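The file data-v1.cif comes next; it holds mmCIF, C-alpha atoms.
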```cif
data_query
loop_
_atom_site.label_atom_id
_atom_site.label_comp_id
_atom_site.auth_asym_id
_atom_site.auth_seq_id
_atom_site.Cartn_x
_atom_site.Cartn_y
_atom_site.Cartn_z
CA MET A 1 0.00 0.00 0.00
CA LYS A 2 1.01 3.61 -0.52
CA VAL A 3 0.82 5.68 2.67
CA LEU A 4 0.98 9.48 2.85
CA LEU A 5 1.75 10.87 6.33
CA THR A 6 1.33 14.54 7.07
CA CYS A 7 0.49 17.21 9.59
CA THR A 8 -1.45 20.29 8.51
CA SER A 9 -1.25 24.05 8.90
CA ILE A 10 -1.50 25.60 12.36
CA GLU A 11 -4.08 28.39 12.58
CA ASP A 12 -2.70 31.77 11.55
CA SER A 13 -2.70 33.48 14.96
CA SER A 14 -0.71 30.65 16.56
CA ARG A 15 1.74 29.79 13.78
CA THR A 16 5.06 31.27 14.88
CA GLU A 17 7.76 28.81 13.82
CA ASP A 18 8.84 29.87 10.34
CA SER A 19 12.55 29.31 10.92
CA PRO A 20 14.32 26.69 8.79
CA ASP A 21 15.50 25.30 12.15
CA SER A 22 12.01 25.01 13.61
CA HIS A 23 11.03 21.87 15.50
CA TYR A 24 9.78 18.97 13.40
CA PRO A 25 7.21 16.24 14.18
CA LEU A 26 9.05 13.30 15.69
CA GLY A 27 5.79 11.34 15.84
CA LEU A 28 5.56 11.22 12.04
CA ALA A 29 9.27 10.46 11.81
CA TYR A 30 8.83 7.47 14.15
CA LEU A 31 5.84 6.22 12.14
CA HIS A 32 7.75 6.52 8.87
CA SER A 33 10.76 4.55 10.07
CA TYR A 34 8.61 1.90 11.77
CA LEU A 35 6.60 1.24 8.61
CA GLU A 36 9.76 1.11 6.48
CA LYS A 37 11.27 -1.47 8.81
CA HIS A 38 8.24 -3.68 9.41
CA SER A 39 6.27 -3.55 6.17
CA ASP A 40 6.47 -3.28 2.41
CA HIS A 41 4.30 -0.16 2.33
CA GLN A 42 5.58 2.85 0.40
CA VAL A 43 5.65 5.86 2.70
CA GLU A 44 5.83 9.59 2.00
CA THR A 45 5.89 12.13 4.83
CA HIS A 46 5.37 15.89 4.77
CA PHE A 47 5.75 18.49 7.54
CA LEU A 48 3.24 21.29 6.91
CA ASN A 49 2.43 22.77 10.33
CA ASN A 50 4.45 25.91 9.65
CA VAL A 51 3.05 26.90 6.25
CA ASP A 52 -0.19 28.76 5.67
CA ASN A 53 -3.44 26.92 5.06
CA ASP A 54 -3.54 27.40 1.29
CA THR A 55 0.07 26.30 0.81
CA CYS A 56 -0.58 23.25 2.97
CA PHE A 57 -3.71 22.32 1.00
CA LYS A 58 -1.97 22.80 -2.35
CA LYS A 59 1.00 20.68 -1.33
CA ILE A 60 -1.10 17.75 -0.10
CA THR A 61 -3.52 17.77 -3.03
CA GLU A 62 -0.61 17.79 -5.48
CA GLU A 63 1.02 14.93 -3.61
CA ILE A 64 -2.21 12.93 -3.75
CA GLU A 65 -2.32 13.32 -7.53
CA THR A 66 1.29 12.26 -8.05
CA PHE A 67 1.87 9.70 -5.25
CA LYS A 68 -1.69 8.27 -5.39
CA PRO A 69 -1.83 7.00 -1.80
CA ASP A 70 -4.17 4.29 -0.59
CA VAL A 71 -4.10 5.72 2.93
CA VAL A 72 -3.61 9.27 4.21
CA GLY A 73 -2.54 9.58 7.84
CA ILE A 74 -3.00 13.03 9.38
CA SER A 75 -1.44 14.07 12.69
CA VAL A 76 -3.92 16.51 14.24
CA MET A 77 -3.29 19.09 16.96
CA THR A 78 -6.01 21.31 18.38
CA PHE A 79 -4.24 24.25 16.69
CA SER A 80 -4.23 22.49 13.31
CA ARG A 81 -7.62 20.79 13.39
CA THR A 82 -9.42 23.18 11.00
CA SER A 83 -6.87 22.68 8.21
CA SER A 84 -7.11 18.94 8.88
CA TYR A 85 -10.91 19.12 8.53
CA ARG A 86 -10.47 20.87 5.18
CA MET A 87 -8.26 18.02 4.01
CA ILE A 88 -10.63 15.34 5.29
CA GLU A 89 -13.55 16.94 3.47
CA TYR A 90 -11.54 17.27 0.26
CA LEU A 91 -10.54 13.61 0.36
CA ALA A 92 -14.08 12.44 1.11
CA GLU A 93 -15.46 14.40 -1.84
CA ASN A 94 -12.73 13.83 -4.41
CA HIS A 95 -11.01 10.60 -3.41
CA PRO A 96 -13.53 8.49 -1.48
CA HIS A 97 -11.45 5.35 -2.06
CA ILE A 98 -8.57 6.72 0.05
CA LYS A 99 -8.73 5.64 3.68
CA ILE A 100 -8.20 8.43 6.21
CA VAL A 101 -6.50 7.75 9.54
CA LEU A 102 -6.24 10.45 12.19
CA GLY A 103 -3.71 10.47 15.03
CA GLY A 104 -2.21 12.80 17.59
CA MET A 105 -3.40 14.45 20.76
CA HIS A 106 -6.61 16.09 19.51
CA PRO A 107 -8.29 13.01 17.99
CA THR A 108 -7.03 10.86 20.88
CA VAL A 109 -9.05 13.07 23.23
CA MET A 110 -11.95 14.01 20.92
CA TRP A 111 -12.37 10.80 18.90
CA LYS A 112 -16.09 10.47 19.60
CA ASN A 113 -16.80 14.08 18.71
CA MET A 114 -14.78 13.91 15.46
CA LEU A 115 -16.19 10.58 14.29
CA LYS A 116 -19.77 11.78 14.64
CA LYS A 117 -19.03 14.20 11.79
CA TYR A 118 -16.29 12.40 9.88
CA THR A 119 -17.76 8.92 9.85
CA ASP A 120 -15.35 7.42 7.31
CA CYS A 121 -12.21 8.21 9.30
CA VAL A 122 -10.38 5.92 11.69
CA VAL A 123 -8.64 7.34 14.78
CA VAL A 124 -5.46 5.86 16.23
CA ILE A 125 -5.62 6.40 19.98
CA GLY A 126 -2.34 7.34 21.69
CA GLU A 127 1.00 5.91 20.53
CA GLY A 128 0.81 5.08 16.86
CA GLU A 129 3.60 2.77 15.73
CA LEU A 130 2.15 -0.65 16.53
CA THR A 131 -1.49 0.32 16.07
CA PHE A 132 -1.09 2.08 12.72
CA HIS A 133 1.04 -0.75 11.33
CA GLU A 134 -1.55 -3.34 12.31
CA LEU A 135 -4.39 -1.20 10.97
CA LEU A 136 -2.68 -0.92 7.57
CA ASP A 137 -2.36 -4.71 7.44
CA TYR A 138 -6.08 -5.04 8.16
CA PHE A 139 -6.85 -2.52 5.41
CA GLU A 140 -4.67 -4.40 2.95
CA GLU A 141 -6.30 -7.74 3.75
CA ASP A 142 -9.79 -6.19 3.93
CA LYS A 143 -10.29 -7.55 7.44
CA ASP A 144 -12.65 -6.33 10.16
CA ILE A 145 -10.82 -3.46 11.89
CA SER A 146 -12.85 -3.96 15.08
CA GLU A 147 -10.18 -6.52 16.01
CA VAL A 148 -7.42 -3.88 16.03
CA MET A 149 -6.68 -2.66 19.54
CA GLY A 150 -6.20 1.06 20.16
CA ILE A 151 -8.43 2.60 17.50
CA ALA A 152 -11.82 4.30 17.21
CA TYR A 153 -14.12 4.29 14.20
CA HIS A 154 -17.77 4.72 13.20
CA ASN A 155 -19.59 1.40 12.96
CA GLY A 156 -22.48 2.77 10.92
CA GLU A 157 -24.54 3.64 13.96
CA GLU A 158 -22.17 5.40 16.35
CA PRO A 159 -18.49 6.02 17.11
CA VAL A 160 -16.90 3.10 18.96
CA LYS A 161 -13.50 2.47 20.50
CA THR A 162 -11.77 -0.89 20.53
CA GLY A 163 -9.81 -2.27 23.48
CA GLU A 164 -6.82 -0.43 24.93
CA ARG A 165 -3.39 -1.10 23.48
CA ASP A 166 -0.53 -1.26 25.94
CA LEU A 167 2.14 1.42 25.81
CA ILE A 168 5.49 0.40 24.36
CA ASP A 169 7.54 -0.48 27.44
CA ASN A 170 10.94 -0.98 25.81
CA LEU A 171 11.55 2.10 23.68
CA ASP A 172 14.93 0.73 22.59
CA THR A 173 13.04 -1.72 20.35
CA LEU A 174 11.84 1.14 18.14
CA GLU A 175 13.76 2.23 15.08
CA PHE A 176 15.22 5.73 15.18
CA PRO A 177 12.82 8.30 13.73
CA LYS A 178 13.39 9.16 10.07
CA HIS A 179 15.34 12.36 10.76
CA GLU A 180 16.57 12.69 7.20
CA ILE A 181 13.06 13.72 6.08
CA PHE A 182 13.51 16.94 8.04
CA LEU A 183 17.28 17.47 7.96
CA TRP A 184 19.20 18.88 5.05
CA GLU A 185 22.64 20.37 4.48
CA GLY A 186 22.86 23.61 6.41
CA LYS A 187 20.33 22.56 9.04
CA LYS A 188 21.61 23.54 12.49
CA MET A 189 19.12 21.93 14.87
CA ALA A 190 17.76 18.41 15.22
CA ASN A 191 15.14 16.95 17.58
CA LEU A 192 15.28 13.86 19.77
CA LEU A 193 13.39 12.02 22.53
CA THR A 194 15.13 10.13 25.33
CA SER A 195 11.86 9.13 27.01
CA ARG A 196 8.11 9.15 26.64
CA GLY A 197 5.52 10.14 29.18
CA TYR A 198 4.87 12.61 32.00
CA PRO A 199 3.82 11.60 35.53
CA PHE A 200 1.87 14.72 36.49
CA LYS A 201 -1.53 16.07 35.40
CA CYS A 202 -1.08 19.81 35.03
CA ASN A 203 -4.41 21.64 34.88
CA PHE A 204 -3.68 23.30 31.51
CA CYS A 205 -2.19 20.23 29.80
CA VAL A 206 -3.45 17.04 28.11
CA LEU A 207 -0.27 14.91 27.94
CA ASP A 208 -1.68 12.28 30.29
CA HIS A 209 -4.19 11.17 27.65
CA ILE A 210 -1.39 9.53 25.66
CA SER A 211 1.27 8.74 28.26
CA LEU A 212 -1.23 7.70 30.96
CA ARG A 213 1.16 9.40 33.45
CA LYS A 214 3.71 6.65 32.91
CA VAL A 215 7.31 7.57 32.02
CA ARG A 216 9.46 5.16 29.98
CA PHE A 217 13.16 5.77 29.43
CA ARG A 218 15.46 4.75 26.60
CA SER A 219 18.91 3.43 27.44
CA ALA A 220 21.83 5.86 27.28
CA GLU A 221 23.48 3.64 24.66
CA ASP A 222 20.42 3.73 22.36
CA VAL A 223 20.09 7.51 22.66
CA CYS A 224 23.78 8.06 21.91
CA ASP A 225 23.56 5.77 18.88
CA GLU A 226 20.79 8.03 17.58
CA ILE A 227 22.78 11.20 18.32
CA GLU A 228 25.72 9.83 16.33
CA GLU A 229 23.34 8.88 13.51
CA ILE A 230 21.94 12.42 13.39
CA LEU A 231 25.41 13.96 13.24
CA ARG A 232 26.39 11.52 10.50
CA ILE A 233 23.27 12.26 8.43
CA CYS A 234 23.61 16.02 8.79
CA PRO A 235 27.08 17.22 9.86
CA THR A 236 25.94 20.86 9.96
CA VAL A 237 23.75 20.16 13.00
CA ASP A 238 25.30 21.82 16.05
CA THR A 239 22.39 21.64 18.49
CA ILE A 240 20.13 18.74 19.43
CA TRP A 241 16.93 19.68 21.25
CA LEU A 242 15.62 17.01 23.63
CA HIS A 243 11.83 17.21 23.58
CA ASP A 244 11.08 14.89 26.49
CA ASP A 245 8.06 15.89 28.52
CA ALA A 246 9.95 14.92 31.69
CA PHE A 247 13.68 15.20 30.99
CA MET A 248 15.77 15.21 34.21
CA ILE A 249 12.90 13.66 36.17
CA ASN A 250 15.05 10.58 36.75
CA LYS A 251 18.53 11.65 37.85
CA LYS A 252 19.97 8.18 37.33
CA SER A 253 18.86 8.08 33.66
CA THR A 254 20.00 11.66 32.98
CA MET A 255 23.41 11.08 34.51
CA ALA A 256 23.85 7.80 32.64
CA LEU A 257 23.13 9.61 29.36
CA CYS A 258 25.61 12.39 30.16
CA ARG A 259 28.32 9.87 31.06
CA GLU A 260 27.75 7.97 27.80
CA ILE A 261 27.97 11.20 25.76
CA ILE A 262 31.23 12.06 27.51
CA LYS A 263 32.60 8.53 27.14
CA ARG A 264 31.98 8.54 23.39
CA GLY A 265 33.44 12.00 22.92
CA ILE A 266 30.28 13.29 21.21
CA LYS A 267 30.74 16.98 20.43
CA THR A 268 27.52 18.93 19.96
CA ASN A 269 25.27 21.21 22.01
CA PHE A 270 22.13 20.07 23.80
CA THR A 271 19.02 22.02 24.72
CA CYS A 272 16.22 20.50 26.79
CA SER A 273 12.96 21.27 28.50
CA ALA A 274 12.94 20.06 32.09
CA ARG A 275 11.44 20.12 35.58
CA PHE A 276 12.93 21.94 38.56
CA ARG A 277 13.22 18.75 40.55
CA PRO A 278 14.99 16.46 41.15
CA VAL A 279 18.32 18.21 40.63
CA SER A 280 21.80 18.06 42.13
CA ARG A 281 25.18 19.74 41.74
CA GLU A 282 26.72 16.51 40.35
CA LEU A 283 23.93 16.22 37.75
CA ILE A 284 24.44 19.78 36.50
CA GLN A 285 28.21 19.35 36.31
CA LEU A 286 27.75 16.23 34.20
CA MET A 287 25.24 17.97 31.94
CA GLU A 288 27.64 20.85 31.34
CA GLU A 289 30.50 18.47 30.56
CA ALA A 290 28.26 16.54 28.16
CA GLY A 291 27.46 19.68 26.15
CA PHE A 292 24.18 20.96 27.61
CA ASN A 293 24.12 24.73 27.25
CA HIS A 294 20.45 25.64 27.64
CA VAL A 295 17.67 24.30 29.88
CA LEU A 296 14.10 25.61 29.67
CA PHE A 297 11.77 25.14 32.62
CA GLY A 298 8.00 25.29 32.79
CA LEU A 299 7.59 27.85 35.56
CA GLU A 300 4.25 29.20 34.21
CA SER A 301 3.66 31.32 37.35
CA GLY A 302 5.63 32.64 40.30
CA ALA A 303 2.57 32.71 42.56
CA GLN A 304 2.48 29.72 44.90
CA ASN A 305 -1.31 29.30 44.86
CA ILE A 306 -1.25 29.18 41.03
CA MET A 307 1.58 26.61 41.21
CA ASP A 308 -0.43 24.52 43.64
CA ASP A 309 -3.50 24.58 41.39
CA MET A 310 -1.35 23.56 38.40
CA LYS A 311 -0.52 20.32 40.26
CA LYS A 312 3.11 20.30 39.13
CA GLY A 313 4.41 19.31 42.53
CA ILE A 314 6.90 22.20 42.83
CA THR A 315 7.35 25.06 45.28
CA LYS A 316 9.30 28.29 45.21
CA ASP A 317 11.99 26.70 47.34
CA HIS A 318 12.45 23.93 44.75
CA ILE A 319 12.93 26.62 42.10
CA ARG A 320 15.30 28.67 44.24
CA TYR A 321 17.44 25.61 44.89
CA ALA A 322 17.55 24.49 41.26
CA THR A 323 18.39 27.91 39.86
CA SER A 324 21.09 28.49 42.48
CA LEU A 325 22.81 25.26 41.38
CA PHE A 326 22.54 26.12 37.69
CA ALA A 327 24.00 29.56 38.47
CA GLU A 328 27.26 27.78 39.33
CA SER A 329 27.46 26.48 35.74
CA ASN A 330 27.61 28.01 32.27
CA ILE A 331 24.25 26.47 31.33
CA LYS A 332 21.69 29.09 30.38
CA THR A 333 18.35 28.68 32.18
CA THR A 334 15.10 30.23 31.05
CA ALA A 335 11.46 29.81 31.97
CA PHE A 336 8.14 29.61 30.21
CA LEU A 337 5.46 31.83 31.74
CA ILE A 338 1.69 31.77 31.22
CA VAL A 339 -0.65 34.62 32.10
CA GLY A 340 -4.27 33.92 33.01
CA LEU A 341 -4.37 30.44 34.54
CA PRO A 342 -7.20 29.74 37.00
CA GLY A 343 -6.87 31.99 40.05
CA GLU A 344 -4.89 34.74 38.27
CA THR A 345 -5.28 38.20 39.78
CA GLN A 346 -3.29 41.41 39.92
CA GLU A 347 -1.77 40.10 43.15
CA THR A 348 -0.57 36.84 41.54
CA ILE A 349 0.87 38.77 38.58
CA ASP A 350 2.79 41.02 40.99
CA GLU A 351 3.98 37.96 42.90
CA THR A 352 5.20 36.38 39.65
CA ILE A 353 7.06 39.55 38.66
CA ASP A 354 8.72 39.74 42.07
CA PHE A 355 9.70 36.06 42.01
CA VAL A 356 11.13 36.15 38.49
CA GLN A 357 13.17 39.24 39.40
CA GLU A 358 14.44 37.40 42.47
CA MET A 359 15.47 34.46 40.27
CA GLN A 360 17.26 36.78 37.85
CA PHE A 361 19.89 37.28 40.54
CA ASN A 362 20.67 33.59 39.89
CA ASN A 363 21.22 34.40 36.20
CA TYR A 364 17.81 32.91 35.51
CA LEU A 365 15.81 34.67 32.77
CA TYR A 366 12.20 34.41 31.70
CA TYR A 367 11.41 33.27 28.17
CA ASP A 368 10.37 36.41 26.31
CA ASP A 369 7.44 34.77 24.51
CA ILE A 370 5.06 34.87 27.48
CA GLY A 371 1.95 32.79 26.86
CA THR A 372 -1.70 33.44 27.58
CA ALA A 373 -3.76 30.61 29.08
CA MET A 374 -5.69 28.77 26.40
CA ILE A 375 -8.23 25.97 26.55
CA TYR A 376 -7.52 22.52 25.16
CA PRO A 377 -10.02 19.66 25.14
CA GLY A 378 -9.07 17.08 27.72
CA ALA A 379 -7.40 19.57 30.06
CA GLU A 380 -8.79 20.41 33.49
CA VAL A 381 -9.03 24.04 32.39
CA TYR A 382 -11.53 22.94 29.70
CA THR A 383 -13.67 21.21 32.33
CA ILE A 384 -13.54 24.34 34.48
CA ALA A 385 -14.49 26.58 31.54
CA LYS A 386 -17.53 24.44 30.68
CA SER A 387 -18.65 24.29 34.32
CA ARG A 388 -18.48 28.09 34.49
CA ASN A 389 -20.45 28.47 31.25
CA LEU A 390 -17.73 30.28 29.35
CA GLU A 391 -19.21 32.07 26.36
CA VAL A 392 -17.00 32.26 23.28
CA GLU A 393 -17.51 35.22 20.97
CA GLY A 394 -19.10 34.15 17.70
CA TYR A 395 -20.21 30.79 19.07
CA GLY A 396 -21.97 30.76 22.43
CA LEU A 397 -21.40 28.53 25.45
CA LEU A 398 -18.25 26.43 25.06
CA ASP A 399 -19.03 22.75 24.50
CA ASP A 400 -17.57 19.73 22.68
CA ASP A 401 -19.10 20.76 19.35
CA TYR A 402 -16.97 23.92 19.42
CA TRP A 403 -14.01 21.79 18.33
CA LEU A 404 -15.75 20.96 15.04
CA THR A 405 -15.91 24.64 14.04
CA ASP A 406 -13.21 26.66 12.29
CA LEU A 407 -12.98 29.06 15.22
CA GLU A 408 -9.62 29.53 16.92
CA VAL A 409 -8.53 27.84 20.13
CA PRO A 410 -10.17 29.97 22.85
CA TYR A 411 -8.52 31.73 25.76
CA TYR A 412 -9.41 30.97 29.36
CA LEU A 413 -11.57 34.01 30.09
CA CYS A 414 -13.69 32.78 33.00
CA GLU A 415 -12.03 35.15 35.47
CA ASN A 416 -10.41 37.94 33.44
CA THR A 417 -10.95 39.71 30.14
CA LEU A 418 -8.58 39.25 27.24
CA GLU A 419 -7.70 42.94 27.48
CA GLN A 420 -6.68 42.44 31.10
CA LEU A 421 -4.58 39.39 30.23
CA ARG A 422 -2.83 41.29 27.44
CA GLU A 423 -2.03 44.10 29.87
CA TRP A 424 -0.59 41.65 32.38
CA GLN A 425 1.31 39.84 29.65
CA GLU A 426 2.94 43.10 28.58
#
```

Would you encode the structure as structure tokens?
Amino acid sequence: MKVLLTCTSIEDSSRTEDSPDSHYPLGLAYLHSYLEKHSDHQVETHFLNNVDNDTCFKKITEEIETFKPDVVGISVMTFSRTSSYRMIEYLAENHPHIKIVLGGMHPTVMWKNMLKKYTDCVVVIGEGELTFHELLDYFEEDKDISEVMGIAYHNGEEPVKTGERDLIDNLDTLEFPKHEIFLWEGKKMANLLTSRGYPFKCNFCVLDHISLRKVRFRSAEDVCDEIEEILRICPTVDTIWLHDDAFMINKKSTMALCREIIKRGIKTNFTCSARFRPVSRELIQLMEEAGFNHVLFGLESGAQNIMDDMKKGITKDHIRYATSLFAESNIKTTAFLIVGLPGETQETIDETIDFVQEMQFNNYLYYDDIGTAMIYPGAEVYTIAKSRNLEVEGYGLLDDDYWLTDLEVPYYLCENTLEQLREWQE
């Protein structure tokens, strides 16, 4: 079978990554390499999140005419869902023989809602490698897909979900993602995962719907093999960004990786997103020696009551301790901030400003792209917004059907106006 994998355009107001070194979708890269290794299917993959809607549509429709796929797999985010809907509707009208498979966070959470409207689609729930591969085999043999674990589909009467598929415990068994799709001569940055999963359920986040709050780690040897492969494929790469949801959460794993990088003499820079705890002086020294030069933390707020409501399991003292240790190194530390989470007031904004300024004495700087709290289906903030009867301009009361419209992802405006949030953000 011929399989076209793609992601689609992010809505205009949220599409910011237009750099040639922007992050690329490792999920599609993993799917591509897995299918190449374990099947005879022909696979083409396109990364179209960062182009405008019309360019995205033109590229995919042209590819359909030339490649003539039997299956189109679309990775859908909440921010890209409307361009994905446009593609689904085009395929249904012009190429009804092509099977459409949806994956990613948004359909994993909203499968029932999406399948009520797009009855011919199939949704892969959660991790995709094993499920998508098996589903393609069932398509090829024209077998009953109800036997495939980890999917949802419309049975002619209603959307249904099959049994749960276990998460992949041993990540070392997976092939390296197909980096070469997204790397070319001159490319400076590559992406990599050393683990999957996140053990906390932050009130603004939906990660737990795929990882089920279970963290799985790759071996240091496997990760370093991939790093060396990346540098061989694209020698111009000088920075590898680790996109783990919970990097540094296991000191033993992080230190083992650093020691393996040092042992092999790998020379490149590493950037990562991480948590403030656990951390130690020995860990940071190893990270610096291994080539880590930038760590980004999810602070979100400097007000303790907002932190508590986020359910991240961190306090100001954890942050003070971590930043003081990093201040002893040459590793740059920055923080993501979000304005407007539940409980935000002028007092919590002032508390955040004071706390960030305090941390700046530890050479700790905020990330200058300060976010505004938005609502994602599956997050606790979405549940709160519905319970408080949030009214969205141009729609009405926020409900599940909102996510089938072409309206933008809404802000959390149950407690403050957008004008107030913009003022605080500034």

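Here CA of Ile168 (chain A) stands at a distance of 24.1 Å from CA of Gln42 (chain A).
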
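Of the listed residues A:Ala92, A:Cys414, A:Cys272, A:Met359, the one whose atoms come nearest to Trp241 (chain A) is A:Cys272, with distances taken using only C-alpha atoms.
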
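Here the PyMOL selection byres ((chain A and resi 124-127) around 8) matches the residues Val101, Leu102, Gly103, Gly104, Met105, Pro107, Thr108, Val122, Val123, Gly128, Glu129, Leu130, Thr131, Phe132, Gly150, Ile151, Ala152, Leu167, His209, Ile210 and Ser211 of chain A.
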
Distance query His41 (chain A) at most 7 Å, all atoms listed in the file, self and fewer than 3 positions along chain excluded, as a PDB file with C-alpha atoms, in the coordinates of the input:
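Full text of out28.pdb as output:
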```pdb
ATOM      1  CA  MET A   1       0.000   0.000   0.000  1.00  0.00           C
ATOM      2  CA  LYS A   2       1.010   3.610  -0.520  1.00  0.00           C
ATOM      3  CA  VAL A   3       0.820   5.680   2.670  1.00  0.00           C
ATOM      4  CA  LEU A  35       6.600   1.240   8.610  1.00  0.00           C
ATOM      5  CA  GLU A  36       9.760   1.110   6.480  1.00  0.00           C
TER       6      GLU A  36
END
```

Give me the region 190-265 of chain A side of the contact with region 285-290 of chain A, cut-off 9 Å, one line per residue showing its nearest atom pair and distance in Å at one decimal, counting only C-alpha atoms, sorted by chain and residue number, as JSON lines.
```
{"residue": "A:Thr254", "atom": "CA", "partner": "A:Met287", "partner_atom": "CA", "distance": 8.3}
{"residue": "A:Met255", "atom": "CA", "partner": "A:Leu286", "partner_atom": "CA", "distance": 6.7}
{"residue": "A:Leu257", "atom": "CA", "partner": "A:Ala290", "partner_atom": "CA", "distance": 8.7}
{"residue": "A:Cys258", "atom": "CA", "partner": "A:Ala290", "partner_atom": "CA", "distance": 5.3}
{"residue": "A:Arg259", "atom": "CA", "partner": "A:Leu286", "partner_atom": "CA", "distance": 7.1}
{"residue": "A:Glu260", "atom": "CA", "partner": "A:Ala290", "partner_atom": "CA", "distance": 8.6}
{"residue": "A:Ile261", "atom": "CA", "partner": "A:Ala290", "partner_atom": "CA", "distance": 5.9}
{"residue": "A:Ile262", "atom": "CA", "partner": "A:Ala290", "partner_atom": "CA", "distance": 5.4}
{"residue": "A:Gly265", "atom": "CA", "partner": "A:Ala290", "partner_atom": "CA", "distance": 8.7}
```

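Using only C-alpha atoms for every distance, the candidate list A:Met114, A:Val72, A:Leu421, A:Leu325 yields A:Met114 as the residue closest to Thr405 (chain A).
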
query: Can you find the residues with an atom no farther than 8 Å from (4.2, 25.3, 8.1), counting all atoms listed in the file, and report them as number ranges by chain?
result: A: 8-10, 15, 17-18, 47-52, 56

Produce a table with one row for each residue of region 235-271 of chain A that has an atom at most 12 Å from any atom of region 327-343 of chain A, each row naming the nearest atom pair and its distance in Å at one decimal; use all atoms listed in the file; arrange rows by chain and rising residue number; format as a tab-separated table.
```
residue	atom	partner	partner_atom	distance
A:Asn269	CA	A:Ile331	CA	10.8
A:Phe270	CA	A:Ile331	CA	10.1
A:Thr271	CA	A:Lys332	CA	9.4
```

query: Separation of CA of Leu390 (chain A) and CA of Asp12 (chain A), in Å?
result: 23.3 Å

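In this model, the gap between CA of Lys267 (chain A) and CA of Thr236 (chain A) comes to 12.2 Å.
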
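Across A:Arg275, A:Lys161, A:His32, A:Lys263, the tightest approach to Met248 (chain A) is made by A:Arg275 when counting only C-alpha atoms.
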
Enumerate, as an mmCIF file with C-alpha atoms, in the coordinates of the input, the residues matched when the PyMOL selection byres ((chain A and resi 186-201) around 6) is run on the file above.
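Resulting contents of expr_28.cif:
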```cif
data_model
loop_
_atom_site.group_PDB
_atom_site.id
_atom_site.type_symbol
_atom_site.label_atom_id
_atom_site.label_comp_id
_atom_site.auth_asym_id
_atom_site.auth_seq_id
_atom_site.Cartn_x
_atom_site.Cartn_y
_atom_site.Cartn_z
ATOM 1 C CA ASP A 21 15.500 25.300 12.150
ATOM 2 C CA TRP A 184 19.200 18.880 5.050
ATOM 3 C CA GLU A 185 22.640 20.370 4.480
ATOM 4 C CA CYS A 202 -1.080 19.810 35.030
ATOM 5 C CA SER A 211 1.270 8.740 28.260
ATOM 6 C CA ARG A 213 1.160 9.400 33.450
ATOM 7 C CA LYS A 214 3.710 6.650 32.910
ATOM 8 C CA VAL A 215 7.310 7.570 32.020
ATOM 9 C CA ARG A 216 9.460 5.160 29.980
ATOM 10 C CA PHE A 217 13.160 5.770 29.430
ATOM 11 C CA ARG A 218 15.460 4.750 26.600
ATOM 12 C CA THR A 236 25.940 20.860 9.960
ATOM 13 C CA VAL A 237 23.750 20.160 13.000
ATOM 14 C CA ASP A 238 25.300 21.820 16.050
ATOM 15 C CA THR A 239 22.390 21.640 18.490
ATOM 16 C CA ILE A 240 20.130 18.740 19.430
ATOM 17 C CA TRP A 241 16.930 19.680 21.250
ATOM 18 C CA LEU A 242 15.620 17.010 23.630
ATOM 19 C CA HIS A 243 11.830 17.210 23.580
ATOM 20 C CA ASP A 244 11.080 14.890 26.490
ATOM 21 C CA ASP A 245 8.060 15.890 28.520
ATOM 22 C CA ALA A 246 9.950 14.920 31.690
#
```

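Of the residues under consideration (A:Phe292, A:Trp424, A:Phe276, A:Phe297), A:Trp424 shows the shortest atom-to-atom contact distance to Glu347 (chain A) when counting all atoms listed in the file.
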
query: Could you write out as an MDAnalysis selection string the residues that the PyMOL selection byres ((chain A and resi 179) around 9) matches in the shown file?
result: chainID A and resid 26 29:30 176:178 180:183 190:191 230 233

Who sits within 9 Å of Gly378 (chain A), all atoms listed in the file, same chain under 5 positions skipped, as a list in words: His106, Val109, Met110, Cys205, Val206, His209 and Thr383 of chain A
